[in-house]
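Below: coords12.csv (CSV, C-alpha atoms (C1' of nucleotides))
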```csv
chain,number,residue,atom,x,y,z
A,1,MET,CA,-10.4,18.9,-22.1
A,2,ILE,CA,-10.1,16.1,-24.7
A,3,THR,CA,-7.5,15.8,-27.4
A,4,GLU,CA,-8.1,13.2,-30.0
A,5,PHE,CA,-5.9,12.3,-32.9
A,6,TYR,CA,-4.5,9.5,-35.0
A,7,ILE,CA,-0.9,8.4,-35.9
A,8,SER,CA,-0.5,6.9,-39.3
A,9,PRO,CA,1.9,3.9,-39.6
A,10,LYS,CA,3.5,5.9,-42.4
A,11,GLU,CA,4.9,8.1,-39.7
A,12,PHE,CA,7.0,5.4,-38.1
A,13,LYS,CA,9.2,2.6,-39.5
A,14,GLY,CA,8.3,-1.0,-39.5
A,15,PRO,CA,5.3,-2.7,-38.0
A,16,LEU,CA,3.6,-2.1,-34.6
A,17,ASN,CA,1.9,-4.7,-32.5
A,18,LEU,CA,0.6,-2.8,-29.5
A,19,SER,CA,-0.9,-5.7,-27.5
A,20,LEU,CA,2.3,-7.7,-27.9
A,21,THR,CA,4.3,-4.7,-26.8
A,22,PHE,CA,2.2,-4.4,-23.6
A,23,ASN,CA,2.0,-8.1,-22.8
A,24,SER,CA,5.6,-9.2,-23.4
A,25,GLY,CA,6.5,-8.8,-19.7
A,26,GLN,CA,8.9,-5.9,-20.1
A,27,THR,CA,10.4,-4.7,-16.8
A,28,SER,CA,9.9,-1.0,-16.9
A,29,GLN,CA,6.6,-0.3,-15.3
A,30,PRO,CA,3.3,-2.1,-15.0
A,31,PRO,CA,1.4,-2.5,-18.2
A,32,TRP,CA,-1.3,0.0,-18.9
A,33,GLN,CA,-4.8,-0.6,-17.8
A,34,LYS,CA,-7.0,-2.1,-20.5
A,35,GLU,CA,-10.5,-0.8,-21.0
A,36,ASN,CA,-12.5,-2.0,-23.9
A,37,LYS,CA,-10.0,-1.9,-26.8
A,38,TYR,CA,-7.9,1.0,-25.3
A,39,PHE,CA,-4.9,0.8,-23.0
A,40,GLN,CA,-4.9,3.8,-20.6
A,41,GLU,CA,-2.5,5.4,-18.2
A,42,LEU,CA,-2.0,8.7,-16.4
A,43,ILE,CA,1.2,10.3,-17.7
A,44,MET,CA,2.7,13.7,-17.2
A,45,VAL,CA,3.0,15.7,-20.4
A,46,GLU,CA,4.8,19.1,-20.0
A,47,ASP,CA,4.4,18.4,-16.3
A,48,LYS,CA,0.6,18.3,-16.6
A,49,PRO,CA,-1.4,15.2,-15.7
A,50,CYS,CA,-2.9,13.6,-18.8
A,51,LEU,CA,-4.9,10.4,-19.1
A,52,VAL,CA,-3.8,8.9,-22.3
A,53,LYS,CA,-5.9,6.1,-24.0
A,54,ILE,CA,-4.3,4.4,-27.0
A,55,ARG,CA,-5.7,1.8,-29.4
A,56,HIS,CA,-4.4,0.0,-32.4
A,57,ASP,CA,-6.0,-2.8,-34.4
A,58,ASP,CA,-3.0,-5.1,-34.6
A,59,SER,CA,-4.6,-7.4,-37.2
A,60,ASN,CA,-3.8,-4.9,-39.9
A,61,PRO,CA,-0.5,-2.9,-39.8
A,62,GLU,CA,-2.0,-0.3,-42.1
A,63,ASN,CA,-4.4,0.8,-39.4
A,64,ASP,CA,-3.9,4.1,-37.7
A,65,VAL,CA,-3.1,4.4,-34.0
A,66,HIS,CA,-5.9,6.1,-32.2
A,67,ILE,CA,-5.2,8.4,-29.2
A,68,ILE,CA,-7.6,10.0,-26.8
A,69,ALA,CA,-6.0,12.2,-24.2
A,70,GLU,CA,-7.9,13.8,-21.3
A,71,SER,CA,-6.4,16.6,-19.3
A,72,LEU,CA,-7.3,19.3,-16.9
A,73,GLU,CA,-5.2,22.0,-18.5
A,74,ASN,CA,-4.5,22.5,-22.2
A,75,VAL,CA,-1.8,20.2,-23.5
A,76,PRO,CA,-0.7,20.5,-27.1
A,77,GLU,CA,-1.3,17.5,-29.3
A,78,LYS,CA,2.2,17.7,-30.6
A,79,SER,CA,3.6,17.1,-27.1
A,80,ILE,CA,1.3,14.2,-26.4
A,81,LYS,CA,2.3,12.7,-29.8
A,82,GLU,CA,6.0,13.0,-28.9
A,83,ARG,CA,5.6,11.3,-25.6
A,84,ILE,CA,3.6,8.4,-27.2
A,85,GLY,CA,6.4,8.1,-29.8
A,86,GLU,CA,9.1,7.8,-27.1
A,87,ILE,CA,7.2,5.5,-24.9
A,88,PHE,CA,6.3,2.9,-27.6
A,89,GLY,CA,9.5,3.2,-29.5
A,90,LEU,CA,7.7,4.5,-32.6
A,91,THR,CA,10.9,6.2,-33.7
A,92,ASP,CA,12.8,2.9,-33.6
A,93,ASP,CA,13.3,1.6,-37.1
A,94,LEU,CA,12.2,-2.0,-36.9
A,95,SER,CA,12.9,-2.7,-40.6
A,96,GLN,CA,16.5,-1.9,-39.9
A,97,LEU,CA,16.4,-4.1,-36.8
A,98,TYR,CA,15.0,-7.0,-38.8
A,99,ASP,CA,17.8,-6.7,-41.3
A,100,PHE,CA,20.2,-6.9,-38.4
A,101,LEU,CA,18.5,-9.9,-36.9
A,102,GLY,CA,18.3,-11.6,-40.3
A,103,GLU,CA,22.0,-11.6,-40.6
A,104,ASP,CA,22.5,-13.9,-37.6
A,105,PRO,CA,21.1,-17.4,-38.1
A,106,LYS,CA,20.6,-17.6,-34.3
A,107,LEU,CA,18.5,-14.4,-34.2
A,108,ALA,CA,16.6,-14.7,-37.5
A,109,PRO,CA,13.9,-17.0,-36.1
A,110,THR,CA,12.9,-14.3,-33.6
A,111,ILE,CA,11.6,-12.0,-36.3
A,112,ASP,CA,8.4,-14.0,-37.1
A,113,PHE,CA,7.6,-14.5,-33.5
A,114,CYS,CA,7.9,-10.8,-32.6
A,115,GLN,CA,6.5,-8.8,-35.5
A,116,GLY,CA,5.7,-5.3,-34.3
A,117,LEU,CA,7.1,-5.8,-30.8
A,118,ARG,CA,8.7,-2.6,-29.6
A,119,LEU,CA,10.5,-1.6,-26.5
A,120,PHE,CA,8.0,-0.3,-24.0
A,121,LYS,CA,9.7,2.6,-22.3
A,122,ALA,CA,8.8,4.0,-18.9
A,123,HIS,CA,6.9,7.2,-18.7
A,124,ASP,CA,8.5,8.1,-15.4
A,125,PRO,CA,12.2,7.2,-14.8
A,126,PHE,CA,11.8,7.2,-11.1
A,127,GLU,CA,8.9,4.8,-11.2
A,128,CYS,CA,11.1,2.7,-13.5
A,129,ILE,CA,13.9,2.6,-10.9
A,130,VAL,CA,11.5,1.5,-8.1
A,131,SER,CA,9.8,-1.0,-10.4
A,132,SER,CA,13.1,-2.5,-11.4
A,133,ILE,CA,14.3,-2.8,-7.8
A,134,SER,CA,10.9,-4.4,-6.9
A,135,SER,CA,11.1,-6.8,-9.8
A,136,SER,CA,14.4,-8.4,-8.7
A,137,ASN,CA,14.0,-11.9,-7.5
A,138,CYS,CA,10.2,-11.5,-7.9
A,139,SER,CA,7.4,-12.5,-10.2
A,140,ILE,CA,5.8,-10.0,-12.6
A,141,LEU,CA,2.5,-10.4,-10.9
A,142,ARG,CA,3.9,-9.5,-7.5
A,143,TRP,CA,5.9,-6.5,-8.4
A,144,THR,CA,3.2,-4.9,-10.6
A,145,ARG,CA,0.8,-5.3,-7.7
A,146,SER,CA,3.4,-3.6,-5.4
A,147,ILE,CA,3.8,-0.6,-7.8
A,148,ARG,CA,0.0,-0.3,-8.0
A,149,ASP,CA,-0.3,-0.2,-4.2
A,150,ILE,CA,2.5,2.3,-3.9
A,151,LYS,CA,0.7,4.7,-6.3
A,152,GLN,CA,-2.6,4.3,-4.5
A,153,LYS,CA,-1.1,4.9,-1.1
A,154,TRP,CA,1.3,7.8,-1.8
A,155,GLY,CA,0.7,9.1,-5.3
A,156,GLU,CA,-1.4,12.1,-6.2
A,157,LYS,CA,-4.9,11.2,-7.2
A,158,PHE,CA,-6.6,12.6,-10.3
A,159,ARG,CA,-10.2,12.0,-11.3
A,160,PHE,CA,-11.1,11.4,-14.9
A,161,SER,CA,-14.3,10.3,-16.6
A,162,SER,CA,-13.1,6.7,-16.7
A,163,GLY,CA,-12.1,6.6,-13.0
A,164,ASP,CA,-9.4,7.6,-10.6
A,165,PHE,CA,-5.7,7.5,-11.5
A,166,TYR,CA,-2.6,8.1,-9.4
A,167,THR,CA,0.8,9.5,-10.2
A,168,PHE,CA,3.8,7.6,-8.9
A,169,PRO,CA,5.0,9.4,-5.7
A,170,SER,CA,8.1,11.6,-5.8
A,171,PRO,CA,11.5,10.5,-4.4
A,172,LYS,CA,11.0,12.9,-1.5
A,173,ILE,CA,7.7,11.4,-0.5
A,174,LEU,CA,8.8,7.7,-1.0
A,175,GLY,CA,12.0,8.3,0.9
A,176,ASP,CA,10.0,9.3,4.0
A,177,VAL,CA,7.5,6.4,4.1
A,178,PRO,CA,7.5,3.9,7.0
A,179,GLU,CA,9.4,0.7,6.1
A,180,HIS,CA,7.1,-1.7,8.0
A,181,ASP,CA,4.3,-2.1,10.5
A,182,LEU,CA,6.5,-1.4,13.6
A,183,GLU,CA,7.8,1.9,12.2
A,184,GLU,CA,4.3,3.0,11.1
A,185,MET,CA,3.1,2.2,14.6
A,186,GLN,CA,5.9,4.2,16.3
A,187,ARG,CA,5.1,7.2,14.2
A,188,CYS,CA,1.4,7.1,15.1
A,189,GLU,CA,-0.4,8.7,18.0
A,190,ASP,CA,-1.2,6.3,20.8
A,191,ASP,CA,-4.9,6.3,20.7
A,192,LEU,CA,-5.4,3.7,18.0
A,193,PRO,CA,-8.0,0.9,18.3
A,194,GLU,CA,-6.7,-2.5,19.5
A,195,ASP,CA,-7.4,-4.1,16.1
A,196,TYR,CA,-5.9,-1.4,14.0
A,197,ILE,CA,-4.3,-2.8,10.9
A,198,PHE,CA,-1.2,-1.0,9.7
A,199,LYS,CA,-1.1,-0.8,6.0
A,200,ASN,CA,0.5,2.6,5.1
A,201,ASN,CA,4.0,1.2,5.0
A,202,LEU,CA,6.2,-0.2,2.2
A,203,LYS,CA,6.2,-3.8,3.3
A,204,ALA,CA,2.5,-3.8,3.3
A,205,CYS,CA,2.8,-3.3,-0.5
A,206,GLY,CA,4.4,-6.8,-0.8
A,207,VAL,CA,7.9,-5.6,-1.6
A,208,GLY,CA,9.5,-7.8,1.1
A,209,TYR,CA,13.1,-7.1,2.1
A,210,ARG,CA,13.3,-4.7,-0.8
A,211,ALA,CA,11.5,-2.1,1.3
A,212,LYS,CA,14.7,-0.6,2.7
A,213,TYR,CA,16.3,-0.6,-0.7
A,214,ILE,CA,13.4,1.4,-2.1
A,215,ILE,CA,13.5,3.9,0.8
A,216,ASN,CA,17.2,4.4,0.7
A,217,THR,CA,17.3,4.6,-3.1
A,218,SER,CA,14.5,7.3,-3.0
A,219,ARG,CA,16.6,9.3,-0.5
A,220,ILE,CA,19.7,9.2,-2.8
A,221,VAL,CA,17.7,10.1,-5.9
A,222,GLU,CA,16.1,13.0,-4.0
A,223,SER,CA,19.4,14.3,-2.5
A,224,GLU,CA,22.3,13.5,-4.8
A,225,MET,CA,21.3,12.0,-8.1
A,226,ASP,CA,20.3,14.3,-11.0
A,227,MET,CA,17.9,12.3,-13.2
A,228,GLY,CA,18.2,14.9,-16.0
A,229,LYS,CA,21.9,14.6,-16.1
A,230,LEU,CA,21.7,10.8,-15.9
A,231,ALA,CA,19.7,10.8,-19.2
A,232,LYS,CA,22.4,12.7,-21.0
A,233,ILE,CA,25.6,10.9,-20.0
A,234,LYS,CA,27.1,7.9,-21.7
A,235,TYR,CA,25.9,4.4,-21.0
A,236,ASP,CA,29.0,3.2,-19.2
A,237,LYS,CA,29.0,6.1,-16.8
A,238,ALA,CA,25.3,5.9,-16.2
A,239,PHE,CA,25.6,2.1,-15.5
A,240,ASN,CA,28.2,2.7,-12.8
A,241,THR,CA,26.1,5.6,-11.4
A,242,VAL,CA,22.9,3.6,-11.0
A,243,LEU,CA,24.8,0.6,-9.7
A,244,GLU,CA,25.5,2.6,-6.5
A,245,LEU,CA,21.8,2.6,-5.6
A,246,PRO,CA,20.9,0.0,-3.0
A,247,GLY,CA,19.0,-2.9,-4.5
A,248,VAL,CA,20.5,-2.2,-7.9
A,249,GLY,CA,22.9,-4.8,-9.4
A,250,PRO,CA,23.9,-5.3,-13.0
A,251,LYS,CA,20.5,-6.7,-14.2
A,252,VAL,CA,18.4,-4.0,-12.5
A,253,ALA,CA,20.8,-1.3,-13.7
A,254,ASP,CA,20.5,-2.4,-17.3
A,255,CYS,CA,16.7,-2.5,-17.0
A,256,ILE,CA,16.7,1.1,-15.6
A,257,LEU,CA,18.9,2.4,-18.4
A,258,LEU,CA,17.1,0.5,-21.2
A,259,TYR,CA,13.5,1.2,-20.1
A,260,GLY,CA,13.8,4.3,-18.0
A,261,PHE,CA,16.4,6.2,-20.0
A,262,GLY,CA,16.1,4.6,-23.5
A,263,MET,CA,19.7,3.4,-23.7
A,264,GLY,CA,19.3,0.7,-26.3
A,265,GLU,CA,22.8,-0.7,-25.9
A,266,ALA,CA,21.9,-2.0,-22.4
A,267,PHE,CA,21.7,-5.9,-22.3
A,268,PRO,CA,19.9,-6.9,-19.1
A,269,VAL,CA,20.8,-10.5,-18.2
A,270,ASP,CA,18.4,-12.4,-16.1
A,271,VAL,CA,18.6,-16.2,-15.5
A,272,TRP,CA,16.5,-16.8,-18.7
A,273,ILE,CA,18.6,-14.6,-21.0
A,274,LYS,CA,21.7,-16.3,-19.6
A,275,ARG,CA,20.3,-19.7,-20.4
A,276,ILE,CA,19.2,-18.7,-23.9
A,277,ILE,CA,22.6,-17.2,-24.7
A,278,GLU,CA,24.3,-20.3,-23.5
A,279,HIS,CA,22.0,-22.5,-25.5
A,280,LEU,CA,22.4,-20.6,-28.7
A,281,TYR,CA,26.0,-19.5,-28.7
A,282,PHE,CA,27.8,-21.7,-26.1
A,283,PRO,CA,26.0,-25.0,-26.1
A,284,HIS,CA,28.6,-26.9,-24.0
A,285,GLU,CA,29.6,-24.1,-21.6
A,286,GLU,CA,28.2,-22.4,-18.6
A,287,LEU,CA,28.5,-18.7,-18.6
A,288,LYS,CA,28.5,-16.3,-15.7
A,289,PRO,CA,25.9,-13.6,-15.9
A,290,GLN,CA,28.6,-11.0,-16.4
A,291,GLU,CA,30.1,-13.0,-19.3
A,292,ALA,CA,26.7,-13.2,-21.0
A,293,ARG,CA,26.2,-9.5,-20.6
A,294,GLU,CA,29.6,-8.7,-22.1
A,295,PHE,CA,29.0,-11.1,-25.0
A,296,GLY,CA,25.6,-9.6,-25.7
A,297,MET,CA,26.8,-6.0,-25.6
A,298,LYS,CA,29.7,-6.7,-27.8
A,299,LYS,CA,27.9,-8.8,-30.4
A,300,PHE,CA,24.6,-6.8,-30.6
A,301,GLY,CA,25.9,-3.3,-30.0
A,302,ASP,CA,23.1,-0.7,-30.2
A,303,TYR,CA,20.6,-3.4,-30.8
A,304,ALA,CA,21.4,-5.2,-27.5
A,305,GLY,CA,18.2,-4.1,-25.8
A,306,TYR,CA,16.0,-5.2,-28.7
A,307,VAL,CA,17.8,-8.5,-29.0
A,308,GLN,CA,17.2,-9.2,-25.4
A,309,LEU,CA,13.5,-8.5,-25.8
A,310,TYR,CA,13.2,-10.5,-29.0
A,311,LEU,CA,15.1,-13.5,-27.7
A,312,PHE,CA,13.1,-13.7,-24.5
A,313,HIS,CA,9.7,-13.5,-26.3
A,314,TYR,CA,10.8,-15.9,-29.0
A,315,ALA,CA,12.0,-18.4,-26.4
A,316,ARG,CA,8.7,-18.1,-24.5
A,317,LYS,CA,6.5,-18.6,-27.6
A,318,SER,CA,8.6,-21.3,-29.3
A,319,GLY,CA,8.8,-23.6,-26.2
A,320,LEU,CA,12.6,-23.0,-25.9
A,321,LEU,CA,12.1,-21.4,-22.5
A,322,GLU,CA,10.3,-24.5,-21.1
A,323,SER,CA,13.1,-26.8,-22.3
A,324,LEU,CA,15.7,-24.6,-20.6
A,325,ARG,CA,13.9,-24.7,-17.2
A,326,LYS,CA,16.4,-25.2,-14.4
A,327,LYS,CA,19.3,-27.6,-14.5
B,328,DT,C1',1.0,-28.3,3.8
B,329,DT,C1',5.8,-27.5,2.2
B,330,DC,C1',8.6,-26.1,-1.6
B,331,DC,C1',10.5,-23.1,-4.8
B,332,DA,C1',11.6,-19.1,-8.1
B,333,DG,C1',14.3,-15.2,-8.7
B,334,DG,C1',18.7,-10.7,-8.3
B,335,DT,C1',21.3,-8.5,-4.8
B,336,DA,C1',24.1,-7.8,-0.7
B,337,DG,C1',26.8,-9.6,2.7
B,338,DT,C1',30.1,-13.0,4.4
B,339,DC,C1',33.7,-16.1,4.1
B,340,DG,C1',38.0,-18.1,2.3
C,341,DC,C1',38.7,-11.6,-6.0
C,342,DG,C1',35.2,-15.8,-6.4
C,343,DA,C1',31.9,-18.8,-4.3
C,344,DC,C1',28.1,-19.3,-1.4
C,345,DT,C1',23.8,-18.1,0.9
C,346,DA,C1',20.0,-15.3,3.2
C,347,DC,C1',16.5,-12.4,2.1
C,348,DC,C1',10.4,-12.0,1.4
C,349,DT,C1',6.3,-13.4,-0.8
C,350,DG,C1',2.9,-15.9,-3.2
C,351,DG,C1',1.8,-19.4,-6.5
C,352,DA,C1',2.3,-24.5,-7.4
```

Target encoding structure tokens, full file:
Amino acid sequence: MITEFYISPKEFKGPLNLSLTFNSGQTSQPPWQKENKYFQELIMVEDKPCLVKIRHDDSNPENDVHIIAESLENVPEKSIKERIGEIFGLTDDLSQLYDFLGEDPKLAPTIDFCQGLRLFKAHDPFECIVSSISSSNCSILRWTRSIRDIKQKWGEKFRFSSGDFYTFPSPKILGDVPEHDLEEMQRCEDDLPEDYIFKNNLKACGVGYRAKYIINTSRIVESEMDMGKLAKIKYDKAFNTVLELPGVGPKVADCILLYGFGMGEAFPVDVWIKRIIEHLYFPHEELKPQEAREFGMKKFGDYAGYVQLYLFHYARKSGLLESLRKK
DNA sequence: TTCCAGGTAGTCG
DNA sequence: CGACTACCTGGA
């Protein structure tokens, strides 16, 4: 069953640039698959699998956002629209954000570089947790490939007119997956051909030493972490909670809370954000990551997540990033 | 071919 | 507590 509708830009505040939002390297989950002019992904709406295709002609901010959703069961348009709004931050008031950025001479230049860039939230918090762990000390190319492989191997497959799509596996399933070739072999029956290639294990997805973090994190999420509760508690408490997961340090914790749980006051500090903050605000000092995080949270408050996003994209496009490369 | 980027966990003082 | 380093993979 197909649901098709439009969202008028009058329904949200400030501009939207959908391609920019997808391609700004945000660490929540892999970007959606592009087909023709549509970005598409399988998401759960009211617990029902739904292939959502979204398109926006970014050249004109007056244009409507076009949505085509394909589902096996009936899913109300209103629910799909709400999910889209959450995921692409359509309820975020960018005009207000730009007023805030404009007040700080260090941040004002980011506005022109990032028109319509919005926080791209995860559609599945657990996928976001695993993505964030996989992304640590790792290139975007590599961890997105890993997540794609994990979905194909252990997710549930759904067939749509434009192809097969997979859900991200549940914590229960992922917590019980073999860590590496040896473990997969030990679990198998003995009558395998000599040249059998083991590939149904986590390390075969290219996650490296993070495989055991992912498995142990899955088990904790499955047995003792209430994701629904996590979404409702305050940022500070949530931060300390997710910090306890193996493979989750301060940077990954903040990515999980920002992208997976929509906590805009999180300020994820990677090596680049640290260098950018030093360059802009502490030109003759070297900060520790923790100090950069505290500075950002205090100075940017509820906008911290957006400031991080805007600073990084601005630095990348303006050439600042290149000039800050190692030292 | 070797080298290196990139957060976290573990170890040492 | 702070400082230092091993960890895995793939792209340069």

**OP:** Would you kindly report the residues of chain A within 7 Å of chain C, using only C-alpha atoms (C1' of nucleotides), as a VMD selection string?
**Re:** chain A and resid 206 208 to 209

Original post:
Just how far from CA of Ser146 (chain A) is CA of Cys205 (chain A), in Å to one decimal?
Top reply: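 Between these atoms lies a distance of 4.9 Å.
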
**OP:** With a cut-off of 9 Å and counting all atoms listed in the file, select all residues of chain B in contact with chain A and give the selection as a PyMOL selection string.
**Re:** chain B and resi 332-336

Could those residues be written to a file, using C-alpha atoms (C1' of nucleotides), as a compact mmCIF listing (two decimals), keeping the file's coordinate frame?
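Result file is selection10.txt:
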```
# COMPACT_ATOMS: atom_id res chain seq x y z
C1' DA B 332 11.60 -19.10 -8.10
C1' DG B 333 14.30 -15.20 -8.70
C1' DG B 334 18.70 -10.70 -8.30
C1' DT B 335 21.30 -8.50 -4.80
C1' DA B 336 24.10 -7.80 -0.70
```

**OP:** Name all residues at most 9 Å from Leu174 (chain A) (count all atoms listed in the file; drop same-chain ones fewer than 4 positions away) and give them as a list in words.
**Re:**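 Counting all atoms listed in the file, the residues come to Ile150, Trp154, Pro169, Ser170, Pro178, Leu202, Ile214, Ile215, Ser218 and Arg219 of chain A.
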
Subject >> Straight-line distance linking CA of Ile67 (chain A) with CA of Lys151 (chain A), stated in Å to one decimal >> reply: 23.9 Å

Subject >> d(CA of Pro289 (chain A), CA of Leu94 (chain A)) in Å >> reply: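 Going from CA of Pro289 (chain A) over to CA of Leu94 (chain A), I get 27.6 Å.
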